[in-house]
file query.cif (mmCIF, C-alpha atoms and all ligand atoms)
data_model
#
loop_
_atom_site.label_atom_id
_atom_site.label_comp_id
_atom_site.auth_asym_id
_atom_site.auth_seq_id
_atom_site.Cartn_x
_atom_site.Cartn_y
_atom_site.Cartn_z
CA MET A 1 -29.09 33.05 20.41
CA SER A 2 -26.08 35.28 20.56
CA LYS A 3 -22.96 34.11 18.77
CA LYS A 4 -19.90 32.91 20.64
CA ASP A 5 -16.67 34.78 20.31
CA PHE A 6 -14.56 33.21 17.55
CA TYR A 7 -11.39 33.27 19.62
CA GLU A 8 -13.24 31.61 22.47
CA VAL A 9 -14.52 28.89 20.14
CA LEU A 10 -10.95 27.98 19.21
CA GLY A 11 -9.66 28.54 22.75
CA MET A 12 -7.24 31.23 21.62
CA ASN A 13 -6.19 34.67 22.81
CA ARG A 14 -6.65 37.65 20.56
CA ASP A 15 -2.95 37.80 19.81
CA ALA A 16 -2.75 34.15 18.65
CA SER A 17 -0.58 33.55 15.60
CA ASP A 18 -2.00 32.19 12.34
CA ASP A 19 -0.18 28.98 13.04
CA ASP A 20 -1.73 28.58 16.51
CA ILE A 21 -5.17 29.24 15.09
CA LYS A 22 -4.64 26.66 12.42
CA LYS A 23 -3.44 24.11 14.97
CA ALA A 24 -6.35 24.83 17.31
CA TYR A 25 -8.81 24.42 14.48
CA ARG A 26 -7.21 21.25 13.29
CA LYS A 27 -7.55 19.78 16.78
CA LEU A 28 -11.14 20.85 17.09
CA ALA A 29 -12.04 19.64 13.61
CA MET A 30 -10.56 16.23 14.28
CA LYS A 31 -12.46 15.93 17.55
CA TYR A 32 -15.84 17.05 16.31
CA HIS A 33 -15.83 16.05 12.66
CA PRO A 34 -19.25 14.60 11.75
CA ASP A 35 -17.61 11.56 10.20
CA ARG A 36 -16.22 10.69 13.61
CA ASN A 37 -19.31 11.68 15.58
CA PRO A 38 -22.26 10.38 13.65
CA ASP A 39 -25.64 11.41 15.10
CA SER A 40 -24.20 13.84 17.65
CA LYS A 41 -25.96 17.17 17.39
CA GLU A 42 -23.57 18.70 19.87
CA ALA A 43 -20.48 17.67 17.90
CA GLU A 44 -22.06 18.94 14.71
CA GLU A 45 -22.76 22.28 16.35
CA LYS A 46 -19.21 22.54 17.72
CA PHE A 47 -17.80 21.58 14.34
CA LYS A 48 -19.82 24.26 12.57
CA GLU A 49 -18.82 26.86 15.11
CA GLY A 50 -15.16 25.98 14.74
CA LYS A 51 -15.38 26.01 10.97
CA GLU A 52 -16.94 29.45 10.96
CA ALA A 53 -14.43 30.81 13.45
CA TYR A 54 -11.50 29.44 11.50
CA GLU A 55 -12.86 30.75 8.25
CA ILE A 56 -12.79 34.26 9.64
CA LEU A 57 -9.65 34.14 11.78
CA SER A 58 -7.51 32.48 9.10
CA ASP A 59 -8.19 35.30 6.67
CA ALA A 60 -6.18 38.40 7.55
CA GLN A 61 -8.74 40.81 6.14
CA LYS A 62 -11.72 39.16 7.79
CA ARG A 63 -9.85 38.79 11.05
CA ALA A 64 -9.08 42.50 11.08
CA ALA A 65 -12.74 43.27 10.41
CA TYR A 66 -13.79 40.92 13.20
CA ASP A 67 -11.29 42.39 15.64
CA GLN A 68 -12.64 45.85 14.93
CA TYR A 69 -16.39 45.31 14.58
CA GLY A 70 -17.03 41.90 16.10
CA HIS A 71 -19.56 39.61 14.43
CA ALA A 72 -21.16 42.53 12.65
CA GLY A 73 -17.90 43.12 10.81
CA VAL A 74 -17.95 39.73 9.11
CA ASP A 75 -21.62 38.82 8.97
CA PRO A 76 -22.67 38.84 5.31
CA GLN A 77 -26.21 39.80 6.37
CA ALA A 78 -24.94 42.90 8.15
CA GLY A 79 -23.46 44.22 4.93
CA MET A 80 -20.28 45.43 6.56
CA GLY A 81 -16.68 44.41 6.50
CA GLY A 82 -14.34 43.72 3.67
CA GLY A 83 -15.82 41.46 1.08
CA GLY A 84 -17.72 39.07 3.35
CA PHE A 85 -17.65 35.46 2.23
CA GLY A 86 -16.80 35.80 -1.44
CA GLY A 87 -13.82 34.52 -3.27
CA GLY A 88 -13.63 30.80 -2.54
CA GLY A 89 -11.68 31.39 0.66
CA PHE A 90 -13.35 28.52 2.37
CA ALA A 91 -12.49 26.03 -0.32
CA ASP A 92 -8.84 26.92 0.17
CA ALA A 93 -8.98 26.78 3.94
CA PHE A 94 -10.78 23.51 3.64
CA SER A 95 -8.36 21.70 1.39
CA ASP A 96 -5.52 22.98 3.47
CA ILE A 97 -6.83 21.58 6.72
CA PHE A 98 -8.84 18.57 5.67
CA GLY A 99 -6.57 17.31 3.00
CA ASP A 100 -4.33 15.43 5.33
CA ILE A 101 -6.77 14.64 8.11
CA PHE A 102 -9.60 13.16 6.12
CA GLY A 103 -7.68 12.10 3.08
CA GLY A 104 -9.28 9.29 1.21
CA GLN A 105 -12.82 10.45 1.58
CA GLY A 106 -12.58 12.73 -1.40
CA GLY A 107 -15.88 14.47 -1.97
CA GLY A 108 -18.16 13.30 0.77
CA ARG A 109 -20.39 15.79 2.49
CA GLY A 110 -21.94 18.74 0.74
CA GLY A 111 -19.98 21.90 0.20
CA ARG A 112 -16.61 20.30 -0.25
CA SER A 113 -17.19 18.10 -3.25
CA ASN A 114 -14.78 20.16 -5.34
CA VAL A 115 -11.71 19.02 -3.39
CA TYR A 116 -10.53 15.52 -4.20
CA ARG A 117 -7.75 13.34 -2.99
CA GLY A 118 -5.55 12.05 -5.81
CA SER A 119 -5.82 8.45 -7.00
CA ASP A 120 -3.65 5.71 -5.57
CA LEU A 121 -1.08 4.19 -7.86
CA ARG A 122 -0.01 0.57 -8.04
CA TYR A 123 3.48 -0.52 -8.99
CA ASN A 124 4.19 -4.21 -9.58
CA MET A 125 7.68 -5.15 -8.49
CA GLU A 126 9.28 -8.48 -9.29
CA ILE A 127 12.03 -9.63 -6.97
CA THR A 128 13.94 -12.87 -6.44
CA LEU A 129 13.34 -15.20 -3.52
CA GLU A 130 16.75 -14.27 -2.09
CA GLU A 131 15.82 -10.58 -2.19
CA ALA A 132 12.48 -11.34 -0.57
CA ALA A 133 14.24 -13.24 2.21
CA ARG A 134 16.90 -10.65 2.96
CA GLY A 135 15.21 -7.43 1.93
CA VAL A 136 16.37 -5.16 -0.85
CA GLU A 137 16.39 -1.54 -1.87
CA ARG A 138 15.22 -0.76 -5.38
CA GLN A 139 14.99 2.39 -7.44
CA ILE A 140 11.71 2.70 -9.26
CA LYS A 141 10.50 5.19 -11.81
CA ILE A 142 6.95 6.43 -11.42
CA PRO A 143 4.88 9.00 -13.26
CA ALA A 144 4.88 12.39 -11.61
CA HIS A 145 3.60 15.86 -12.29
CA GLU A 146 5.80 18.87 -12.28
CA GLU A 147 4.91 22.51 -12.40
CA CYS A 148 4.84 23.65 -16.03
CA ASP A 149 7.89 25.87 -16.57
CA VAL A 150 6.24 27.89 -19.33
CA CYS A 151 3.33 29.22 -17.24
CA HIS A 152 4.87 28.46 -13.82
CA GLY A 153 1.86 26.46 -12.79
CA SER A 154 -0.81 29.04 -13.48
CA GLY A 155 -2.08 27.24 -16.59
CA ALA A 156 -2.49 30.57 -18.35
CA LYS A 157 -0.50 31.54 -21.44
CA PRO A 158 2.39 33.84 -20.46
CA GLY A 159 1.16 37.44 -20.42
CA THR A 160 -2.42 36.37 -19.63
CA GLU A 161 -3.98 35.26 -16.39
CA ALA A 162 -6.72 33.10 -14.93
CA LYS A 163 -9.98 34.90 -14.26
CA THR A 164 -12.57 34.35 -11.58
CA CYS A 165 -15.22 32.02 -12.93
CA HIS A 166 -18.36 34.06 -13.62
CA THR A 167 -20.74 31.10 -13.47
CA CYS A 168 -20.05 30.57 -9.77
CA ASN A 169 -18.32 33.85 -8.88
CA GLY A 170 -15.27 31.91 -7.86
CA GLN A 171 -17.10 29.69 -5.35
CA GLY A 172 -16.59 26.50 -7.31
CA GLN A 173 -20.18 25.56 -6.46
CA VAL A 174 -23.51 26.55 -7.92
CA ARG A 175 -27.06 26.21 -6.58
CA VAL A 176 -29.45 24.46 -8.87
CA SER A 177 -33.20 24.57 -8.25
CA GLN A 178 -35.16 21.40 -8.80
CA GLY A 179 -38.80 21.84 -7.93
CA PHE A 180 -38.94 22.79 -4.26
CA PHE A 181 -35.36 21.87 -3.66
CA SER A 182 -32.24 23.75 -4.24
CA ILE A 183 -29.07 21.67 -4.37
CA GLN A 184 -25.46 22.62 -4.49
CA GLN A 185 -23.35 21.25 -7.32
CA THR A 186 -19.80 21.56 -8.53
CA CYS A 187 -19.67 24.42 -11.01
CA PRO A 188 -19.88 22.99 -14.55
CA THR A 189 -17.77 25.78 -16.02
CA CYS A 190 -14.69 25.65 -13.78
CA HIS A 191 -15.19 22.12 -12.33
CA GLY A 192 -14.86 23.46 -8.82
CA SER A 193 -11.66 25.44 -9.11
CA GLY A 194 -13.45 28.81 -9.05
CA LYS A 195 -11.28 30.04 -11.92
CA TYR A 196 -11.26 29.80 -15.63
CA ILE A 197 -8.41 30.32 -18.05
CA PRO A 198 -9.41 32.25 -21.17
CA ASP A 199 -6.09 31.65 -22.92
CA PRO A 200 -4.57 28.34 -21.78
CA CYS A 201 -0.85 27.68 -21.79
CA ARG A 202 0.02 25.51 -24.81
CA ASN A 203 2.69 23.53 -23.04
CA CYS A 204 0.40 22.11 -20.33
CA HIS A 205 -3.02 22.68 -21.94
CA GLY A 206 -4.05 24.89 -19.06
CA THR A 207 -3.45 22.33 -16.33
CA GLY A 208 -0.36 24.08 -14.96
CA ARG A 209 1.40 20.73 -14.74
CA VAL A 210 3.36 18.52 -17.07
CA GLN A 211 3.87 14.81 -16.81
CA THR A 212 7.36 13.60 -15.97
CA THR A 213 8.82 10.64 -14.19
CA LYS A 214 10.51 10.57 -10.86
CA THR A 215 12.79 8.05 -9.25
CA LEU A 216 12.01 6.73 -5.81
CA ALA A 217 14.09 4.50 -3.60
CA VAL A 218 11.89 1.75 -2.18
CA LYS A 219 13.04 -0.29 0.79
CA ILE A 220 11.65 -3.81 0.71
CA PRO A 221 11.87 -5.38 4.17
CA GLY A 222 13.23 -8.91 4.49
CA GLY A 223 10.54 -11.58 4.66
CA VAL A 224 8.01 -10.10 2.23
CA ASP A 225 5.80 -12.58 0.44
CA GLU A 226 3.94 -12.73 -2.84
CA GLY A 227 1.21 -10.08 -2.99
CA ASP A 228 2.48 -8.03 -0.03
CA ARG A 229 1.99 -4.30 -0.50
CA ILE A 230 4.27 -1.52 0.60
CA ARG A 231 2.58 1.86 0.93
CA LEU A 232 4.44 5.01 0.01
CA SER A 233 2.25 7.68 1.49
CA GLY A 234 1.59 10.71 -0.71
CA GLU A 235 3.44 9.38 -3.78
CA GLY A 236 0.26 8.76 -5.77
CA GLU A 237 -1.54 11.07 -8.16
CA PRO A 238 -1.89 14.71 -7.13
CA GLY A 239 -5.27 15.78 -5.75
CA VAL A 240 -7.78 18.00 -7.49
CA ASN A 241 -8.15 21.63 -6.43
CA GLY A 242 -5.55 21.37 -3.72
CA GLY A 243 -6.66 17.97 -2.42
CA PRO A 244 -3.97 15.68 -1.00
CA HIS A 245 -1.96 13.26 -3.10
CA GLY A 246 -2.97 9.62 -3.27
CA ASP A 247 -0.64 6.84 -2.14
CA LEU A 248 1.63 4.59 -4.11
CA TYR A 249 1.38 0.87 -3.46
CA VAL A 250 4.31 -1.30 -4.41
CA VAL A 251 2.99 -4.83 -4.89
CA ILE A 252 5.53 -7.62 -4.46
CA HIS A 253 5.81 -10.50 -6.90
CA ILE A 254 8.40 -13.19 -6.31
CA LYS A 255 10.03 -14.93 -9.27
CA PRO A 256 9.91 -18.72 -9.23
CA HIS A 257 13.15 -20.14 -7.85
CA SER A 258 15.09 -22.93 -9.55
CA VAL A 259 15.69 -24.85 -6.32
CA PHE A 260 13.31 -23.68 -3.59
CA GLU A 261 9.60 -23.45 -3.25
CA ARG A 262 8.18 -21.23 -0.54
CA GLU A 263 5.25 -22.11 1.66
CA GLY A 264 4.61 -19.41 4.24
CA ASN A 265 7.96 -18.99 5.94
CA ASP A 266 9.13 -22.51 5.14
CA LEU A 267 11.17 -23.47 2.12
CA HIS A 268 10.98 -26.81 0.35
CA CYS A 269 13.50 -28.40 -1.95
CA GLU A 270 13.78 -31.73 -3.66
CA MET A 271 17.05 -33.55 -3.28
CA PRO A 272 17.87 -36.44 -5.63
CA ILE A 273 20.26 -38.99 -4.10
CA SER A 274 21.70 -42.23 -5.40
CA ILE A 275 20.34 -45.59 -4.23
CA THR A 276 23.72 -46.46 -2.74
CA ALA A 277 23.87 -43.19 -0.72
CA ALA A 278 20.35 -43.87 0.48
CA ALA A 279 21.17 -47.48 1.36
CA LEU A 280 24.50 -46.81 3.03
CA GLY A 281 23.68 -43.46 4.62
CA GLY A 282 26.20 -40.66 5.09
CA GLU A 283 26.61 -36.96 4.63
CA ILE A 284 25.02 -35.20 1.71
CA GLU A 285 25.39 -31.64 0.58
CA ILE A 286 22.22 -29.57 0.33
CA PRO A 287 21.55 -26.01 -0.80
CA THR A 288 20.19 -23.33 1.55
CA LEU A 289 19.52 -19.64 0.95
CA ASP A 290 22.76 -18.89 2.82
CA GLY A 291 24.84 -21.30 0.74
CA LYS A 292 25.65 -24.96 1.02
CA ALA A 293 25.07 -27.04 4.13
CA ARG A 294 25.70 -30.69 4.97
CA ILE A 295 23.26 -33.04 6.57
CA SER A 296 23.73 -36.70 7.46
CA ILE A 297 21.12 -39.16 6.35
CA PRO A 298 20.77 -42.53 8.02
CA ALA A 299 21.38 -45.85 6.24
CA GLY A 300 18.15 -47.10 4.70
CA THR A 301 16.76 -43.67 3.81
CA GLN A 302 13.63 -44.00 1.65
CA SER A 303 12.48 -41.93 -1.28
CA GLY A 304 10.16 -39.10 -0.19
CA GLN A 305 11.60 -38.89 3.30
CA VAL A 306 11.79 -35.29 4.52
CA PHE A 307 14.66 -33.79 6.47
CA ARG A 308 13.89 -30.59 8.31
CA LEU A 309 16.57 -27.94 8.82
CA ARG A 310 15.34 -25.64 11.54
CA GLY A 311 15.74 -21.92 10.97
CA LYS A 312 16.92 -22.27 7.38
CA GLY A 313 13.67 -20.90 5.96
CA ILE A 314 12.53 -17.29 5.85
CA LYS A 315 11.93 -14.84 8.66
CA GLY A 316 8.54 -13.30 7.87
CA VAL A 317 7.98 -9.56 8.01
CA ARG A 318 5.41 -9.93 10.76
CA SER A 319 6.74 -13.01 12.55
CA ALA A 320 9.43 -13.31 15.17
CA VAL A 321 10.56 -16.79 14.17
CA THR A 322 12.36 -18.01 11.10
CA GLY A 323 10.84 -20.82 9.06
CA ASP A 324 12.48 -24.15 8.27
CA LEU A 325 13.95 -25.74 5.19
CA MET A 326 12.36 -29.05 4.24
CA CYS A 327 14.56 -31.26 2.18
CA HIS A 328 12.57 -33.94 0.31
CA VAL A 329 14.78 -36.87 -0.62
CA MET A 330 14.16 -38.49 -4.01
CA LEU A 331 15.94 -41.74 -4.85
CA GLU A 332 17.32 -41.72 -8.32
CA THR A 333 17.40 -45.04 -10.17
CA PRO A 334 20.74 -45.19 -11.99
CA VAL A 335 20.57 -45.09 -15.79
CA ASN A 336 22.92 -45.86 -18.72
CA LEU A 337 24.67 -48.63 -16.82
CA THR A 338 27.93 -50.18 -18.00
CA SER A 339 28.18 -53.94 -18.17
CA ARG A 340 30.33 -53.96 -15.05
CA GLN A 341 27.69 -52.02 -13.11
CA LYS A 342 24.99 -54.38 -14.36
CA GLU A 343 27.07 -57.36 -13.31
CA LEU A 344 27.52 -55.98 -9.80
CA LEU A 345 23.82 -55.15 -9.46
CA ARG A 346 22.82 -58.66 -10.59
CA GLU A 347 25.17 -60.14 -8.05
CA PHE A 348 23.77 -57.79 -5.40
CA GLU A 349 20.23 -58.82 -6.31
CA GLN A 350 21.12 -62.48 -6.11
CA ILE A 351 22.56 -62.34 -2.61
CA SER A 352 19.67 -60.14 -1.50
CA GLN A 353 17.24 -62.98 -2.42
CA ASP A 354 18.52 -65.04 0.52
CA GLU A 355 16.63 -62.89 3.02
CA PRO A 356 14.12 -60.75 1.11
CA ALA A 357 12.06 -59.91 4.22
CA LYS A 358 15.14 -58.41 5.81
CA HIS A 359 16.44 -56.33 2.92
CA ASN A 360 13.22 -55.39 1.10
CA PRO A 361 10.44 -55.66 3.71
CA ARG A 362 7.95 -53.60 1.76
CA ALA A 363 8.37 -55.53 -1.47
CA LYS A 364 8.15 -58.79 0.46
CA SER A 365 4.93 -57.88 2.29
CA PHE A 366 3.43 -56.53 -0.92
CA MET A 367 4.16 -59.78 -2.76
CA ASP A 368 2.61 -61.75 0.11
CA LYS A 369 -0.58 -59.71 -0.20
CA VAL A 370 -0.67 -60.31 -3.93
CA LYS A 371 -0.32 -64.03 -3.34
CA ASP A 372 -3.28 -63.97 -0.92
CA PHE A 373 -5.27 -61.99 -3.40
CA PHE A 374 -4.87 -64.66 -6.09
CA GLY A 375 -5.67 -67.36 -3.55
CA GLY A 376 -2.18 -68.61 -2.75
ZN ZN A 401 1.81 25.72 -18.68
ZN ZN A 402 -17.13 28.17 -11.69
#
call {"tool": "encode", "arguments": {"input": "query.cif", "output": "structure tokens"}}
result
Amino acid sequence: MSKKDFYEVLGMNRDASDDDIKKAYRKLAMKYHPDRNPDSKEAEEKFKEGKEAYEILSDAQKRAAYDQYGHAGVDPQAGMGGGGFGGGGFADAFSDIFGDIFGGQGGGRGGRSNVYRGSDLRYNMEITLEEAARGVERQIKIPAHEECDVCHGSGAKPGTEAKTCHTCNGQGQVRVSQGFFSIQQTCPTCHGSGKYIPDPCRNCHGTGRVQTTKTLAVKIPGGVDEGDRIRLSGEGEPGVNGGPHGDLYVVIHIKPHSVFEREGNDLHCEMPISITAAALGGEIEIPTLDGKARISIPAGTQSGQVFRLRGKGIKGVRSAVTGDLMCHVMLETPVNLTSRQKELLREFEQISQDEPAKHNPRAKSFMDKVKDFFGG
């Protein structure tokens, strides 16, 4: 079967720019990637074709050879052209293109196991309930890697340089024979980078990077709840061998509040009131997240009764409506009474005895049941 023209494979003219070629390949790779087209022979074939075409056309030297001699100019079997497939060019092209499209899959299929996406980072952030309700912007400090300023990122001691790894000839991969099979593995000498550093930089121990911290501004949207995560794309650990960065997840923790308890988008609070306020009714002052509010309670309010204030809860991140505030009334029995107070209460009790069923219906019916229970 004769090979298709590389430009045709990518749908490009011969004068296409590097950028256009890259874009065309990216589009093709996304469409036909085996991970997206499992079990499709046709997609696999198209993907391979595109990969090969891009490998040649993205490399100036190979492209020139292809333009001049056609397939013969770049076919390693034909023994012509400048340098053929050596030099780890594919690994570079690969990380470049696939890093951001298929990030997260790391190694995966054979031949690209030396390019890894960086790890995700988790940052626990504690905020107050008020901040959670309204949203807040916070500066956080996270670990970061910076290019080493002694070796300028090369990892080699100044005056020396990295050499092509001789175990894998710079491919980053080696073939290992096991019985009848031959499998490809990440090179044990260079760990896939294709290079080795004979004299490592002392400042960064040959990694080319030093650990620092960086400050990020994180916008927390109003309505977040305990355990919500905010993803900062690409702010995680750097990838390996040119792989993409991982993500940073800011995980929200809400401090317990002295007055309110949150349940979904509703808030609950407990409101102690005096027995006289409960008996007589009237306006009471209650706290809300926006400050004080007044509600009127009817005469004869009982302990445990709940008053709902619509829209005084929290507006959730994903919900269109705002929750309510539930005010749970608790009657407080007065303590440390003066003799005058006692006197008044005794008098009150005495005149209440005249019609117990009217003033204390629950106590009255309870006592009746007790009487029945003991047989009158
Ligand atoms: Zn260094
Ligand atoms: Zn190697």
call {"tool": "residues_near_ligand", "arguments": {"input": "query.cif", "ligand": "ligand ZN 402 (chain A)", "cutoff": "7 Å", "atoms": "all atoms listed in the file", "output": "tab-separated table (two decimals) with C-alpha atoms, in the coordinates of the input"}}
result
chain	number	residue	atom	x	y	z
A	165	CYS	CA	-15.22	32.02	-12.93
A	166	HIS	CA	-18.36	34.06	-13.62
A	167	THR	CA	-20.74	31.10	-13.47
A	168	CYS	CA	-20.05	30.57	-9.77
A	169	ASN	CA	-18.32	33.85	-8.88
A	170	GLY	CA	-15.27	31.91	-7.86
A	171	GLN	CA	-17.10	29.69	-5.35
A	172	GLY	CA	-16.59	26.50	-7.31
A	173	GLN	CA	-20.18	25.56	-6.46
A	187	CYS	CA	-19.67	24.42	-11.01
A	188	PRO	CA	-19.88	22.99	-14.55
A	189	THR	CA	-17.77	25.78	-16.02
A	190	CYS	CA	-14.69	25.65	-13.78
A	191	HIS	CA	-15.19	22.12	-12.33
A	192	GLY	CA	-14.86	23.46	-8.82
A	193	SER	CA	-11.66	25.44	-9.11
A	194	GLY	CA	-13.45	28.81	-9.05
A	195	LYS	CA	-11.28	30.04	-11.92
call {"tool": "closest_residue", "arguments": {"input": "query.cif", "among": "A:Lys41, A:Arg209, A:Lys51, A:Lys3", "to": "ligand ZN 401 (chain A)", "atoms": "all atoms listed in the file"}}
result
A:Arg209
call {"tool": "residues_near_ligand", "arguments": {"input": "query.cif", "ligand": "ligand ZN 401 (chain A)", "cutoff": "6 Å", "atoms": "only C-alpha atoms and all ligand atoms", "output": "PDB file with C-alpha atoms, keeping the file's coordinate frame"}}
result
ATOM      1  CA  CYS A 148       4.840  23.650 -16.030  1.00  0.00           C
ATOM      2  CA  VAL A 150       6.240  27.890 -19.330  1.00  0.00           C
ATOM      3  CA  CYS A 151       3.330  29.220 -17.240  1.00  0.00           C
ATOM      4  CA  GLY A 153       1.860  26.460 -12.790  1.00  0.00           C
ATOM      5  CA  GLY A 155      -2.080  27.240 -16.590  1.00  0.00           C
ATOM      6  CA  CYS A 201      -0.850  27.680 -21.790  1.00  0.00           C
ATOM      7  CA  ASN A 203       2.690  23.530 -23.040  1.00  0.00           C
ATOM      8  CA  CYS A 204       0.400  22.110 -20.330  1.00  0.00           C
ATOM      9  CA  GLY A 206      -4.050  24.890 -19.060  1.00  0.00           C
ATOM     10  CA  GLY A 208      -0.360  24.080 -14.960  1.00  0.00           C
TER      11      GLY A 208
END
call {"tool": "closest_atom_pairs", "arguments": {"input": "query.cif", "of": "stretch 315-374 of chain A", "to": "stretch 291-300 of chain A", "cutoff": "12 Å", "atoms": "all atoms listed in the file", "output": "tab-separated table"}}
result
residue	atom	partner	partner_atom	distance
A:Leu325	CA	A:Ala293	CA	11.2
A:Met326	CA	A:Ile295	CA	11.8
A:Cys327	CA	A:Ile295	CA	9.9
A:His328	CA	A:Ile297	CA	11.7
A:Val329	CA	A:Ile297	CA	9.7
A:Leu331	CA	A:Gly300	CA	11.2
A:Lys358	CA	A:Gly300	CA	11.8
A:His359	CA	A:Gly300	CA	9.6
A:Asn360	CA	A:Gly300	CA	10.3
A:Pro361	CA	A:Gly300	CA	11.6
call {"tool": "write_last_selection", "arguments": {"input": "query.cif", "atoms": "C-alpha atoms", "output": "PDB file, in the frame of the given file"}}
result
ATOM      1  CA  LEU A 325      13.950 -25.740   5.190  1.00  0.00           C
ATOM      2  CA  MET A 326      12.360 -29.050   4.240  1.00  0.00           C
ATOM      3  CA  CYS A 327      14.560 -31.260   2.180  1.00  0.00           C
ATOM      4  CA  HIS A 328      12.570 -33.940   0.310  1.00  0.00           C
ATOM      5  CA  VAL A 329      14.780 -36.870  -0.620  1.00  0.00           C
ATOM      6  CA  LEU A 331      15.940 -41.740  -4.850  1.00  0.00           C
ATOM      7  CA  LYS A 358      15.140 -58.410   5.810  1.00  0.00           C
ATOM      8  CA  HIS A 359      16.440 -56.330   2.920  1.00  0.00           C
ATOM      9  CA  ASN A 360      13.220 -55.390   1.100  1.00  0.00           C
ATOM     10  CA  PRO A 361      10.440 -55.660   3.710  1.00  0.00           C
TER      11      PRO A 361
END
call {"tool": "axis_aligned_box", "arguments": {"input": "query.cif", "around": "stretch 194-209 of chain A", "padding_each_side": "5 Å", "output": "lines of an AutoDock Vina configuration file"}}
result
center_x = -5.4
center_y = 26.5
center_z = -16.9
size_x = 26.1
size_y = 21.5
size_z = 25.8
call {"tool": "closest_residue", "arguments": {"input": "query.cif", "among": "A:Gly222, A:Gly239, A:Gly70, A:Gly234", "to": "A:Tyr116", "atoms": "all atoms listed in the file"}}
result
A:Gly239
